[in-house]
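Structure file entry.cif with mmCIF, N, CA, C and O atoms:
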```cif
data_entry
loop_
_atom_site.label_atom_id
_atom_site.label_comp_id
_atom_site.auth_asym_id
_atom_site.auth_seq_id
_atom_site.Cartn_x
_atom_site.Cartn_y
_atom_site.Cartn_z
N MET Q 1 76.51 81.73 130.93
CA MET Q 1 76.80 80.52 131.65
C MET Q 1 76.12 79.36 130.95
O MET Q 1 74.95 79.46 130.57
N LEU Q 2 76.84 78.26 130.78
CA LEU Q 2 76.27 77.06 130.18
C LEU Q 2 75.54 76.25 131.24
O LEU Q 2 75.99 76.16 132.38
N GLN Q 3 74.46 75.65 130.85
CA GLN Q 3 73.72 74.81 131.78
C GLN Q 3 74.11 73.36 131.55
O GLN Q 3 74.43 72.95 130.43
N TYR Q 4 74.09 72.56 132.63
CA TYR Q 4 74.43 71.15 132.54
C TYR Q 4 73.51 70.36 133.46
O TYR Q 4 72.93 70.90 134.40
N GLN Q 5 73.38 69.07 133.18
CA GLN Q 5 72.46 68.22 133.93
C GLN Q 5 73.08 67.69 135.23
O GLN Q 5 72.44 67.65 136.26
N ASP Q 6 74.34 67.24 135.15
CA ASP Q 6 75.02 66.66 136.30
C ASP Q 6 76.53 66.80 136.08
O ASP Q 6 76.96 67.38 135.08
N ASP Q 7 77.32 66.28 137.01
CA ASP Q 7 78.77 66.43 136.89
C ASP Q 7 79.31 65.80 135.61
O ASP Q 7 80.18 66.37 134.95
N ALA Q 8 78.79 64.63 135.25
CA ALA Q 8 79.25 63.96 134.03
C ALA Q 8 78.97 64.82 132.79
O ALA Q 8 79.81 64.90 131.89
N ASP Q 9 77.82 65.47 132.76
CA ASP Q 9 77.48 66.35 131.64
C ASP Q 9 78.40 67.57 131.62
O ASP Q 9 78.86 67.98 130.55
N ALA Q 10 78.70 68.13 132.79
CA ALA Q 10 79.61 69.29 132.86
C ALA Q 10 81.00 68.91 132.36
O ALA Q 10 81.63 69.67 131.61
N VAL Q 11 81.48 67.73 132.74
CA VAL Q 11 82.80 67.26 132.28
C VAL Q 11 82.77 67.06 130.77
O VAL Q 11 83.71 67.45 130.06
N HIS Q 12 81.70 66.47 130.26
CA HIS Q 12 81.57 66.26 128.81
C HIS Q 12 81.62 67.60 128.06
O HIS Q 12 82.32 67.72 127.05
N ILE Q 13 80.88 68.57 128.54
CA ILE Q 13 80.87 69.90 127.90
C ILE Q 13 82.27 70.51 127.95
O ILE Q 13 82.77 71.04 126.94
N ALA Q 14 82.91 70.45 129.10
CA ALA Q 14 84.25 71.05 129.25
C ALA Q 14 85.28 70.37 128.36
O ALA Q 14 86.17 71.03 127.81
N ASN Q 15 85.18 69.06 128.21
CA ASN Q 15 86.16 68.31 127.42
C ASN Q 15 85.85 68.31 125.93
O ASN Q 15 86.66 67.84 125.13
N ASN Q 16 84.71 68.85 125.53
CA ASN Q 16 84.30 68.87 124.14
C ASN Q 16 84.96 70.04 123.40
O ASN Q 16 84.30 70.96 122.92
N SER Q 17 86.27 70.01 123.35
CA SER Q 17 87.05 71.07 122.72
C SER Q 17 88.33 70.47 122.17
O SER Q 17 88.84 69.47 122.70
N ARG Q 18 88.88 71.10 121.14
CA ARG Q 18 90.18 70.65 120.62
C ARG Q 18 91.30 71.09 121.53
O ARG Q 18 92.42 70.63 121.38
N TYR Q 19 91.01 71.98 122.45
CA TYR Q 19 92.05 72.57 123.29
C TYR Q 19 91.92 72.11 124.74
O TYR Q 19 90.89 71.61 125.15
N GLY Q 20 92.98 72.30 125.51
CA GLY Q 20 92.95 71.88 126.90
C GLY Q 20 94.09 72.48 127.69
O GLY Q 20 94.83 71.76 128.35
N LEU Q 21 94.26 73.79 127.62
CA LEU Q 21 95.36 74.42 128.34
C LEU Q 21 95.04 74.54 129.83
O LEU Q 21 95.83 74.10 130.67
N SER Q 22 93.89 75.10 130.17
CA SER Q 22 93.58 75.34 131.57
C SER Q 22 92.08 75.30 131.79
O SER Q 22 91.30 75.53 130.87
N GLY Q 23 91.70 75.00 133.01
CA GLY Q 23 90.29 74.97 133.36
C GLY Q 23 90.09 75.36 134.80
O GLY Q 23 91.05 75.58 135.54
N ALA Q 24 88.84 75.44 135.21
CA ALA Q 24 88.52 75.79 136.59
C ALA Q 24 87.26 75.05 137.02
O ALA Q 24 86.35 74.85 136.20
N VAL Q 25 87.22 74.66 138.28
CA VAL Q 25 86.06 74.02 138.88
C VAL Q 25 85.75 74.77 140.16
O VAL Q 25 86.63 75.00 140.98
N ASN Q 26 84.50 75.15 140.33
CA ASN Q 26 84.06 75.80 141.56
C ASN Q 26 82.87 75.02 142.10
O ASN Q 26 81.93 74.72 141.37
N GLY Q 27 82.91 74.68 143.38
CA GLY Q 27 81.82 73.93 143.97
C GLY Q 27 81.85 74.00 145.48
O GLY Q 27 82.86 74.38 146.08
N GLY Q 28 80.75 73.62 146.10
CA GLY Q 28 80.64 73.67 147.55
C GLY Q 28 81.42 72.59 148.26
O GLY Q 28 81.90 72.77 149.37
N SER Q 29 81.58 71.45 147.62
CA SER Q 29 82.29 70.32 148.22
C SER Q 29 83.67 70.19 147.57
O SER Q 29 83.78 70.00 146.36
N LEU Q 30 84.71 70.25 148.38
CA LEU Q 30 86.06 70.11 147.85
C LEU Q 30 86.25 68.73 147.23
O LEU Q 30 86.84 68.60 146.16
N GLU Q 31 85.75 67.69 147.85
CA GLU Q 31 85.86 66.33 147.31
C GLU Q 31 85.23 66.23 145.93
O GLU Q 31 85.80 65.67 145.00
N ARG Q 32 84.03 66.76 145.80
CA ARG Q 32 83.32 66.72 144.52
C ARG Q 32 84.06 67.55 143.47
O ARG Q 32 84.20 67.13 142.32
N SER Q 33 84.54 68.73 143.86
CA SER Q 33 85.28 69.58 142.93
C SER Q 33 86.55 68.89 142.44
O SER Q 33 86.89 68.95 141.25
N LEU Q 34 87.26 68.22 143.34
CA LEU Q 34 88.47 67.49 142.95
C LEU Q 34 88.15 66.32 142.04
O LEU Q 34 88.90 66.03 141.10
N ALA Q 35 87.03 65.65 142.29
CA ALA Q 35 86.62 64.54 141.43
C ALA Q 35 86.35 65.03 140.02
O ALA Q 35 86.75 64.39 139.04
N VAL Q 36 85.69 66.17 139.89
CA VAL Q 36 85.43 66.75 138.57
C VAL Q 36 86.74 67.20 137.93
O VAL Q 36 87.00 66.91 136.76
N ALA Q 37 87.59 67.88 138.69
CA ALA Q 37 88.87 68.38 138.16
C ALA Q 37 89.72 67.24 137.61
O ALA Q 37 90.39 67.40 136.59
N SER Q 38 89.69 66.09 138.26
CA SER Q 38 90.52 64.96 137.81
C SER Q 38 90.06 64.41 136.47
O SER Q 38 90.82 63.73 135.79
N GLN Q 39 88.84 64.72 136.05
CA GLN Q 39 88.32 64.22 134.79
C GLN Q 39 88.49 65.20 133.63
O GLN Q 39 88.24 64.85 132.48
N LEU Q 40 88.91 66.42 133.93
CA LEU Q 40 89.08 67.42 132.88
C LEU Q 40 90.35 67.15 132.10
O LEU Q 40 91.40 66.86 132.67
N ARG Q 41 90.26 67.26 130.78
CA ARG Q 41 91.42 67.05 129.90
C ARG Q 41 92.10 68.39 129.68
O ARG Q 41 92.10 68.96 128.58
N THR Q 42 92.66 68.95 130.77
CA THR Q 42 93.40 70.20 130.71
C THR Q 42 94.72 70.03 131.46
O THR Q 42 94.81 69.22 132.38
N GLY Q 43 95.71 70.81 131.07
CA GLY Q 43 97.01 70.72 131.72
C GLY Q 43 97.04 71.31 133.11
O GLY Q 43 97.83 70.90 133.95
N THR Q 44 96.19 72.28 133.38
CA THR Q 44 96.10 72.90 134.69
C THR Q 44 94.64 73.08 135.05
O THR Q 44 93.79 73.27 134.18
N VAL Q 45 94.36 73.01 136.34
CA VAL Q 45 92.99 73.21 136.82
C VAL Q 45 93.03 73.98 138.13
O VAL Q 45 93.75 73.61 139.05
N SER Q 46 92.25 75.03 138.22
CA SER Q 46 92.06 75.76 139.46
C SER Q 46 90.80 75.22 140.12
O SER Q 46 89.75 75.14 139.49
N VAL Q 47 90.91 74.82 141.38
CA VAL Q 47 89.76 74.32 142.12
C VAL Q 47 89.39 75.34 143.18
O VAL Q 47 90.22 75.72 144.02
N ASN Q 48 88.16 75.82 143.11
CA ASN Q 48 87.63 76.81 144.06
C ASN Q 48 88.56 78.01 144.24
O ASN Q 48 88.79 78.49 145.35
N GLY Q 49 89.09 78.50 143.13
CA GLY Q 49 89.92 79.71 143.15
C GLY Q 49 91.38 79.47 143.49
O GLY Q 49 92.14 80.42 143.63
N GLY Q 50 91.78 78.21 143.61
CA GLY Q 50 93.18 77.90 143.95
C GLY Q 50 94.13 78.32 142.85
O GLY Q 50 93.82 78.25 141.66
N GLN Q 51 95.31 78.76 143.24
CA GLN Q 51 96.34 79.20 142.31
C GLN Q 51 97.18 78.00 141.91
O GLN Q 51 97.77 77.35 142.75
N TRP Q 52 97.23 77.69 140.63
CA TRP Q 52 97.99 76.54 140.18
C TRP Q 52 99.39 76.91 139.71
O TRP Q 52 100.24 76.06 139.59
N PHE Q 53 99.66 78.18 139.44
CA PHE Q 53 100.95 78.55 138.87
C PHE Q 53 102.03 78.65 139.94
O PHE Q 53 101.83 79.20 141.01
N GLY Q 54 103.19 78.12 139.61
CA GLY Q 54 104.38 78.25 140.45
C GLY Q 54 105.58 77.88 139.60
O GLY Q 54 105.46 77.08 138.66
N ALA Q 55 106.73 78.43 139.90
CA ALA Q 55 107.94 78.15 139.11
C ALA Q 55 108.29 76.67 139.13
O ALA Q 55 108.93 76.16 138.20
N ASP Q 56 107.88 75.96 140.17
CA ASP Q 56 108.18 74.53 140.26
C ASP Q 56 107.01 73.65 139.82
O ASP Q 56 107.06 72.44 139.95
N SER Q 57 105.95 74.26 139.31
CA SER Q 57 104.78 73.51 138.85
C SER Q 57 104.83 73.38 137.33
O SER Q 57 104.95 74.38 136.62
N PRO Q 58 104.71 72.15 136.82
CA PRO Q 58 104.73 71.99 135.37
C PRO Q 58 103.56 72.74 134.73
O PRO Q 58 102.47 72.79 135.28
N PHE Q 59 103.82 73.33 133.56
CA PHE Q 59 102.80 74.07 132.83
C PHE Q 59 102.78 73.59 131.39
O PHE Q 59 103.81 73.53 130.73
N GLY Q 60 101.63 73.23 130.90
CA GLY Q 60 101.45 72.81 129.52
C GLY Q 60 100.04 72.29 129.35
O GLY Q 60 99.34 72.03 130.32
N GLY Q 61 99.62 72.12 128.11
CA GLY Q 61 98.24 71.74 127.84
C GLY Q 61 98.08 70.33 127.32
O GLY Q 61 99.04 69.61 127.13
N TYR Q 62 96.83 69.97 127.13
CA TYR Q 62 96.45 68.70 126.53
C TYR Q 62 95.95 68.99 125.12
O TYR Q 62 95.68 70.14 124.76
N LYS Q 63 95.79 67.95 124.36
CA LYS Q 63 95.23 68.02 123.01
C LYS Q 63 95.99 69.04 122.15
O LYS Q 63 97.22 68.96 122.09
N GLU Q 64 95.31 69.99 121.53
CA GLU Q 64 95.97 70.94 120.64
C GLU Q 64 96.48 72.18 121.38
O GLU Q 64 96.75 73.21 120.75
N SER Q 65 96.63 72.09 122.68
CA SER Q 65 97.14 73.22 123.46
C SER Q 65 98.61 73.05 123.81
O SER Q 65 99.07 73.51 124.84
N GLY Q 66 99.33 72.38 122.96
CA GLY Q 66 100.76 72.31 123.17
C GLY Q 66 101.29 70.91 123.39
O GLY Q 66 100.56 69.98 123.68
N ILE Q 67 102.59 70.81 123.22
CA ILE Q 67 103.30 69.55 123.42
C ILE Q 67 104.35 69.79 124.48
O ILE Q 67 105.10 70.75 124.43
N GLY Q 68 104.42 68.91 125.47
CA GLY Q 68 105.46 69.02 126.48
C GLY Q 68 105.04 69.91 127.64
O GLY Q 68 103.90 70.37 127.72
N ARG Q 69 106.00 70.13 128.51
CA ARG Q 69 105.77 70.91 129.72
C ARG Q 69 106.91 71.90 129.92
O ARG Q 69 108.04 71.65 129.52
N GLU Q 70 106.59 72.99 130.56
CA GLU Q 70 107.58 73.98 130.99
C GLU Q 70 107.59 74.00 132.50
O GLU Q 70 106.59 73.64 133.12
N HIS Q 71 108.66 74.44 133.09
CA HIS Q 71 108.80 74.62 134.54
C HIS Q 71 108.85 73.28 135.28
O HIS Q 71 108.45 72.25 134.76
N GLY Q 72 109.37 73.31 136.48
CA GLY Q 72 109.41 72.13 137.33
C GLY Q 72 110.24 71.00 136.75
O GLY Q 72 110.92 71.14 135.73
N ILE Q 73 110.20 69.86 137.40
CA ILE Q 73 110.96 68.69 136.97
C ILE Q 73 110.51 68.23 135.59
O ILE Q 73 111.32 67.88 134.74
N ALA Q 74 109.18 68.25 135.34
CA ALA Q 74 108.67 67.81 134.04
C ALA Q 74 109.23 68.68 132.91
O ALA Q 74 109.54 68.17 131.84
N GLY Q 75 109.36 69.98 133.13
CA GLY Q 75 109.94 70.86 132.13
C GLY Q 75 111.41 70.60 131.92
O GLY Q 75 111.92 70.59 130.79
N PHE Q 76 112.14 70.34 133.00
CA PHE Q 76 113.57 70.02 132.91
C PHE Q 76 113.78 68.72 132.14
O PHE Q 76 114.70 68.60 131.33
N GLU Q 77 112.93 67.74 132.40
CA GLU Q 77 113.08 66.44 131.76
C GLU Q 77 112.90 66.50 130.24
O GLU Q 77 113.34 65.59 129.53
N GLU Q 78 112.29 67.57 129.73
CA GLU Q 78 112.16 67.74 128.28
C GLU Q 78 113.52 67.81 127.60
O GLU Q 78 113.65 67.53 126.41
N TYR Q 79 114.57 68.18 128.35
CA TYR Q 79 115.90 68.34 127.78
C TYR Q 79 116.77 67.10 127.98
O TYR Q 79 117.94 67.10 127.60
N LEU Q 80 116.25 66.07 128.60
CA LEU Q 80 117.03 64.86 128.87
C LEU Q 80 116.76 63.80 127.82
O LEU Q 80 115.68 63.72 127.25
N GLU Q 81 117.76 62.98 127.59
CA GLU Q 81 117.59 61.80 126.76
C GLU Q 81 117.96 60.61 127.62
O GLU Q 81 119.07 60.53 128.14
N LEU Q 82 117.02 59.70 127.79
CA LEU Q 82 117.23 58.54 128.64
C LEU Q 82 117.77 57.37 127.83
O LEU Q 82 117.48 57.25 126.64
N LYS Q 83 118.55 56.54 128.50
CA LYS Q 83 119.09 55.37 127.84
C LYS Q 83 119.06 54.21 128.82
O LYS Q 83 119.38 54.36 130.01
N THR Q 84 118.69 53.04 128.34
CA THR Q 84 118.73 51.83 129.13
C THR Q 84 119.86 50.97 128.58
O THR Q 84 119.98 50.78 127.37
N VAL Q 85 120.71 50.48 129.48
CA VAL Q 85 121.84 49.64 129.09
C VAL Q 85 121.67 48.29 129.77
O VAL Q 85 121.51 48.21 130.98
N GLY Q 86 121.71 47.23 128.99
CA GLY Q 86 121.61 45.88 129.55
C GLY Q 86 122.98 45.24 129.63
O GLY Q 86 123.77 45.30 128.69
N LEU Q 87 123.29 44.67 130.77
CA LEU Q 87 124.57 43.98 130.98
C LEU Q 87 124.30 42.49 131.19
O LEU Q 87 123.24 42.11 131.72
N PRO Q 88 125.27 41.65 130.85
CA PRO Q 88 125.11 40.22 131.15
C PRO Q 88 125.03 40.03 132.67
O PRO Q 88 125.59 40.80 133.44
N ALA Q 89 124.33 38.98 133.10
CA ALA Q 89 124.14 38.71 134.54
C ALA Q 89 125.46 38.56 135.28
O ALA Q 89 125.57 38.93 136.43
N ASP Q 90 126.49 38.05 134.63
CA ASP Q 90 127.76 37.82 135.32
C ASP Q 90 128.69 39.02 135.30
O ASP Q 90 129.82 38.97 135.77
N ALA Q 91 128.21 40.18 134.78
CA ALA Q 91 129.04 41.37 134.69
C ALA Q 91 129.10 42.15 136.00
O ALA Q 91 129.97 42.99 136.21
N ALA Q 92 128.19 41.87 136.91
CA ALA Q 92 128.12 42.65 138.14
C ALA Q 92 129.10 42.20 139.20
O ALA Q 92 129.58 41.19 139.38
#
```

Entire entry expressed as structure tokens:
Amino acid sequence: MLQYQDDADAVHIANNSRYGLSGAVNGGSLERSLAVASQLRTGTVSVNGGQWFGADSPFGGYKESGIGREHGIAGFEEYLELKTVGLPADAA
């Protein structure tokens, strides 16, 4: 187990990696655990043993742990190409 001084130090240690696929935070206070989880540079985070995987939940990493997302709306959107079309004001 790694030792840390405070929450900021724990976040720094966790984020000090080229990778960021998944992480976990365990703590007595749900608010504090969520605050730490929100600072982690990972694509998924389990808080106090919570299950993050689901067919409708986007899955993918940060940094060198992948590009894009699978599953859910975010995964579907990987296959879309968006286009913006501008019309003259009097065309409507």

Legend entry - Selection near segment 44-60 of chain Q, 8 Å with only C-alpha atoms, sequence-local residues under 2 positions removed, as an MDAnalysis selection string: chainID Q and resid 21:27 30 33:34 37 42 62 65:75

Legend entry - DSSP strand (DSSP E or B) residues within chain Q, listed as a PyMOL selection string: chain Q and resi 19-20+22-25+44-47+59+62-63+70

For the PyMOL selection byres ((chain Q and resi 19) around 6), applied here, can you spell out every residue it catches as a short mmCIF file (atom, residue, chain, number, x, y, z; two decimals) with N, CA, C and O atoms, in the frame of the given file?
```cif
data_model
loop_
_atom_site.label_atom_id
_atom_site.label_comp_id
_atom_site.auth_asym_id
_atom_site.auth_seq_id
_atom_site.Cartn_x
_atom_site.Cartn_y
_atom_site.Cartn_z
N ALA Q 14 82.91 70.45 129.10
CA ALA Q 14 84.25 71.05 129.25
C ALA Q 14 85.28 70.37 128.36
O ALA Q 14 86.17 71.03 127.81
N ASN Q 15 85.18 69.06 128.21
CA ASN Q 15 86.16 68.31 127.42
C ASN Q 15 85.85 68.31 125.93
O ASN Q 15 86.66 67.84 125.13
N SER Q 17 86.27 70.01 123.35
CA SER Q 17 87.05 71.07 122.72
C SER Q 17 88.33 70.47 122.17
O SER Q 17 88.84 69.47 122.70
N ARG Q 18 88.88 71.10 121.14
CA ARG Q 18 90.18 70.65 120.62
C ARG Q 18 91.30 71.09 121.53
O ARG Q 18 92.42 70.63 121.38
N GLY Q 20 92.98 72.30 125.51
CA GLY Q 20 92.95 71.88 126.90
C GLY Q 20 94.09 72.48 127.69
O GLY Q 20 94.83 71.76 128.35
N LEU Q 21 94.26 73.79 127.62
CA LEU Q 21 95.36 74.42 128.34
C LEU Q 21 95.04 74.54 129.83
O LEU Q 21 95.83 74.10 130.67
N ARG Q 41 90.26 67.26 130.78
CA ARG Q 41 91.42 67.05 129.90
C ARG Q 41 92.10 68.39 129.68
O ARG Q 41 92.10 68.96 128.58
N TYR Q 62 96.83 69.97 127.13
CA TYR Q 62 96.45 68.70 126.53
C TYR Q 62 95.95 68.99 125.12
O TYR Q 62 95.68 70.14 124.76
N LYS Q 63 95.79 67.95 124.36
CA LYS Q 63 95.23 68.02 123.01
C LYS Q 63 95.99 69.04 122.15
O LYS Q 63 97.22 68.96 122.09
N GLU Q 64 95.31 69.99 121.53
CA GLU Q 64 95.97 70.94 120.64
C GLU Q 64 96.48 72.18 121.38
O GLU Q 64 96.75 73.21 120.75
N SER Q 65 96.63 72.09 122.68
CA SER Q 65 97.14 73.22 123.46
C SER Q 65 98.61 73.05 123.81
O SER Q 65 99.07 73.51 124.84
#
```

Inset, instruction - Please indicate the distance in Å from atom N of Val11 of chain Q to atom O of Val36 of chain Q, rounded to one decimal place. - result: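 If I compute the distance from atom N of Val11 of chain Q to atom O of Val36 of chain Q, I get 6.9 Å.
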
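Picture a line from atom N of Gly61 of chain Q to atom N of Gly43 of chain Q; it runs 5.1 Å.
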
Inset, instruction - Kindly give the distance, in Å, that separates atom N of Leu40 of chain Q and atom CA of Glu77 of chain Q, rounded to a single decimal. - result: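 About the pair atom N of Leu40 of chain Q and atom CA of Glu77 of chain Q: they are 24.3 Å apart.
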
Six-sided padding of 8 Å per side, axis-aligned box over segment 27-30 of chain Q, centre and edges in Å, one decimal, as lines of an AutoDock Vina configuration file:
```
center_x = 83.7
center_y = 71.6
center_z = 146.4
size_x = 22.2
size_y = 22.1
size_z = 22.0
```

Using the partial input, fill out segment 27-38 of chain Q with all heavy atoms; write the result as a PDB file, in the frame of the given file.
```pdb
ATOM      1  N   GLY Q  27      82.910  74.680 143.380  1.00  0.00           N
ATOM      2  CA  GLY Q  27      81.820  73.930 143.970  1.00  0.00           C
ATOM      3  C   GLY Q  27      81.850  74.000 145.480  1.00  0.00           C
ATOM      4  O   GLY Q  27      82.860  74.380 146.080  1.00  0.00           O
ATOM      5  N   GLY Q  28      80.750  73.620 146.100  1.00  0.00           N
ATOM      6  CA  GLY Q  28      80.640  73.670 147.550  1.00  0.00           C
ATOM      7  C   GLY Q  28      81.420  72.590 148.260  1.00  0.00           C
ATOM      8  O   GLY Q  28      81.900  72.770 149.370  1.00  0.00           O
ATOM      9  N   SER Q  29      81.580  71.450 147.620  1.00  0.00           N
ATOM     10  CA  SER Q  29      82.290  70.320 148.220  1.00  0.00           C
ATOM     11  C   SER Q  29      83.670  70.190 147.570  1.00  0.00           C
ATOM     12  O   SER Q  29      83.780  70.000 146.360  1.00  0.00           O
ATOM     13  CB  SER Q  29      81.496  69.032 148.002  1.00  0.00           C
ATOM     14  OG  SER Q  29      82.312  67.901 148.200  1.00  0.00           O
ATOM     15  N   LEU Q  30      84.710  70.250 148.380  1.00  0.00           N
ATOM     16  CA  LEU Q  30      86.060  70.110 147.850  1.00  0.00           C
ATOM     17  C   LEU Q  30      86.250  68.730 147.230  1.00  0.00           C
ATOM     18  O   LEU Q  30      86.840  68.600 146.160  1.00  0.00           O
ATOM     19  CB  LEU Q  30      87.109  70.347 148.939  1.00  0.00           C
ATOM     20  CG  LEU Q  30      88.568  70.245 148.492  1.00  0.00           C
ATOM     21  CD1 LEU Q  30      88.869  71.244 147.384  1.00  0.00           C
ATOM     22  CD2 LEU Q  30      89.496  70.454 149.679  1.00  0.00           C
ATOM     23  N   GLU Q  31      85.750  67.690 147.850  1.00  0.00           N
ATOM     24  CA  GLU Q  31      85.860  66.330 147.310  1.00  0.00           C
ATOM     25  C   GLU Q  31      85.230  66.230 145.930  1.00  0.00           C
ATOM     26  O   GLU Q  31      85.800  65.670 145.000  1.00  0.00           O
ATOM     27  CB  GLU Q  31      85.189  65.321 148.238  1.00  0.00           C
ATOM     28  CG  GLU Q  31      86.132  64.644 149.178  1.00  0.00           C
ATOM     29  CD  GLU Q  31      85.440  63.548 149.985  1.00  0.00           C
ATOM     30  OE1 GLU Q  31      84.503  62.900 149.467  1.00  0.00           O
ATOM     31  OE2 GLU Q  31      85.841  63.354 151.127  1.00  0.00           O
ATOM     32  N   ARG Q  32      84.030  66.760 145.800  1.00  0.00           N
ATOM     33  CA  ARG Q  32      83.320  66.720 144.520  1.00  0.00           C
ATOM     34  C   ARG Q  32      84.060  67.550 143.470  1.00  0.00           C
ATOM     35  O   ARG Q  32      84.200  67.130 142.320  1.00  0.00           O
ATOM     36  CB  ARG Q  32      81.895  67.234 144.711  1.00  0.00           C
ATOM     37  CG  ARG Q  32      81.050  67.178 143.471  1.00  0.00           C
ATOM     38  CD  ARG Q  32      79.637  67.638 143.778  1.00  0.00           C
ATOM     39  NE  ARG Q  32      78.852  67.801 142.567  1.00  0.00           N
ATOM     40  CZ  ARG Q  32      77.731  68.479 142.514  1.00  0.00           C
ATOM     41  NH1 ARG Q  32      77.241  69.052 143.600  1.00  0.00           N
ATOM     42  NH2 ARG Q  32      77.084  68.602 141.386  1.00  0.00           N
ATOM     43  N   SER Q  33      84.540  68.730 143.860  1.00  0.00           N
ATOM     44  CA  SER Q  33      85.280  69.580 142.930  1.00  0.00           C
ATOM     45  C   SER Q  33      86.550  68.890 142.440  1.00  0.00           C
ATOM     46  O   SER Q  33      86.890  68.950 141.250  1.00  0.00           O
ATOM     47  CB  SER Q  33      85.626  70.915 143.588  1.00  0.00           C
ATOM     48  OG  SER Q  33      84.462  71.625 143.918  1.00  0.00           O
ATOM     49  N   LEU Q  34      87.260  68.220 143.340  1.00  0.00           N
ATOM     50  CA  LEU Q  34      88.470  67.490 142.950  1.00  0.00           C
ATOM     51  C   LEU Q  34      88.150  66.320 142.040  1.00  0.00           C
ATOM     52  O   LEU Q  34      88.900  66.030 141.100  1.00  0.00           O
ATOM     53  CB  LEU Q  34      89.224  67.010 144.182  1.00  0.00           C
ATOM     54  CG  LEU Q  34      89.944  68.092 144.987  1.00  0.00           C
ATOM     55  CD1 LEU Q  34      90.482  67.520 146.292  1.00  0.00           C
ATOM     56  CD2 LEU Q  34      91.072  68.700 144.172  1.00  0.00           C
ATOM     57  N   ALA Q  35      87.030  65.650 142.290  1.00  0.00           N
ATOM     58  CA  ALA Q  35      86.620  64.540 141.430  1.00  0.00           C
ATOM     59  C   ALA Q  35      86.350  65.030 140.020  1.00  0.00           C
ATOM     60  O   ALA Q  35      86.750  64.390 139.040  1.00  0.00           O
ATOM     61  CB  ALA Q  35      85.395  63.843 142.012  1.00  0.00           C
ATOM     62  N   VAL Q  36      85.690  66.170 139.890  1.00  0.00           N
ATOM     63  CA  VAL Q  36      85.430  66.750 138.570  1.00  0.00           C
ATOM     64  C   VAL Q  36      86.740  67.200 137.930  1.00  0.00           C
ATOM     65  O   VAL Q  36      87.000  66.910 136.760  1.00  0.00           O
ATOM     66  CB  VAL Q  36      84.415  67.920 138.660  1.00  0.00           C
ATOM     67  CG1 VAL Q  36      84.319  68.674 137.336  1.00  0.00           C
ATOM     68  CG2 VAL Q  36      83.044  67.397 139.083  1.00  0.00           C
ATOM     69  N   ALA Q  37      87.590  67.880 138.690  1.00  0.00           N
ATOM     70  CA  ALA Q  37      88.870  68.380 138.160  1.00  0.00           C
ATOM     71  C   ALA Q  37      89.720  67.240 137.610  1.00  0.00           C
ATOM     72  O   ALA Q  37      90.390  67.400 136.590  1.00  0.00           O
ATOM     73  CB  ALA Q  37      89.626  69.135 139.256  1.00  0.00           C
ATOM     74  N   SER Q  38      89.690  66.090 138.260  1.00  0.00           N
ATOM     75  CA  SER Q  38      90.520  64.960 137.810  1.00  0.00           C
ATOM     76  C   SER Q  38      90.060  64.410 136.470  1.00  0.00           C
ATOM     77  O   SER Q  38      90.820  63.730 135.790  1.00  0.00           O
ATOM     78  CB  SER Q  38      90.522  63.860 138.866  1.00  0.00           C
ATOM     79  OG  SER Q  38      89.270  63.211 138.917  1.00  0.00           O
TER      80      SER Q  38
END
```
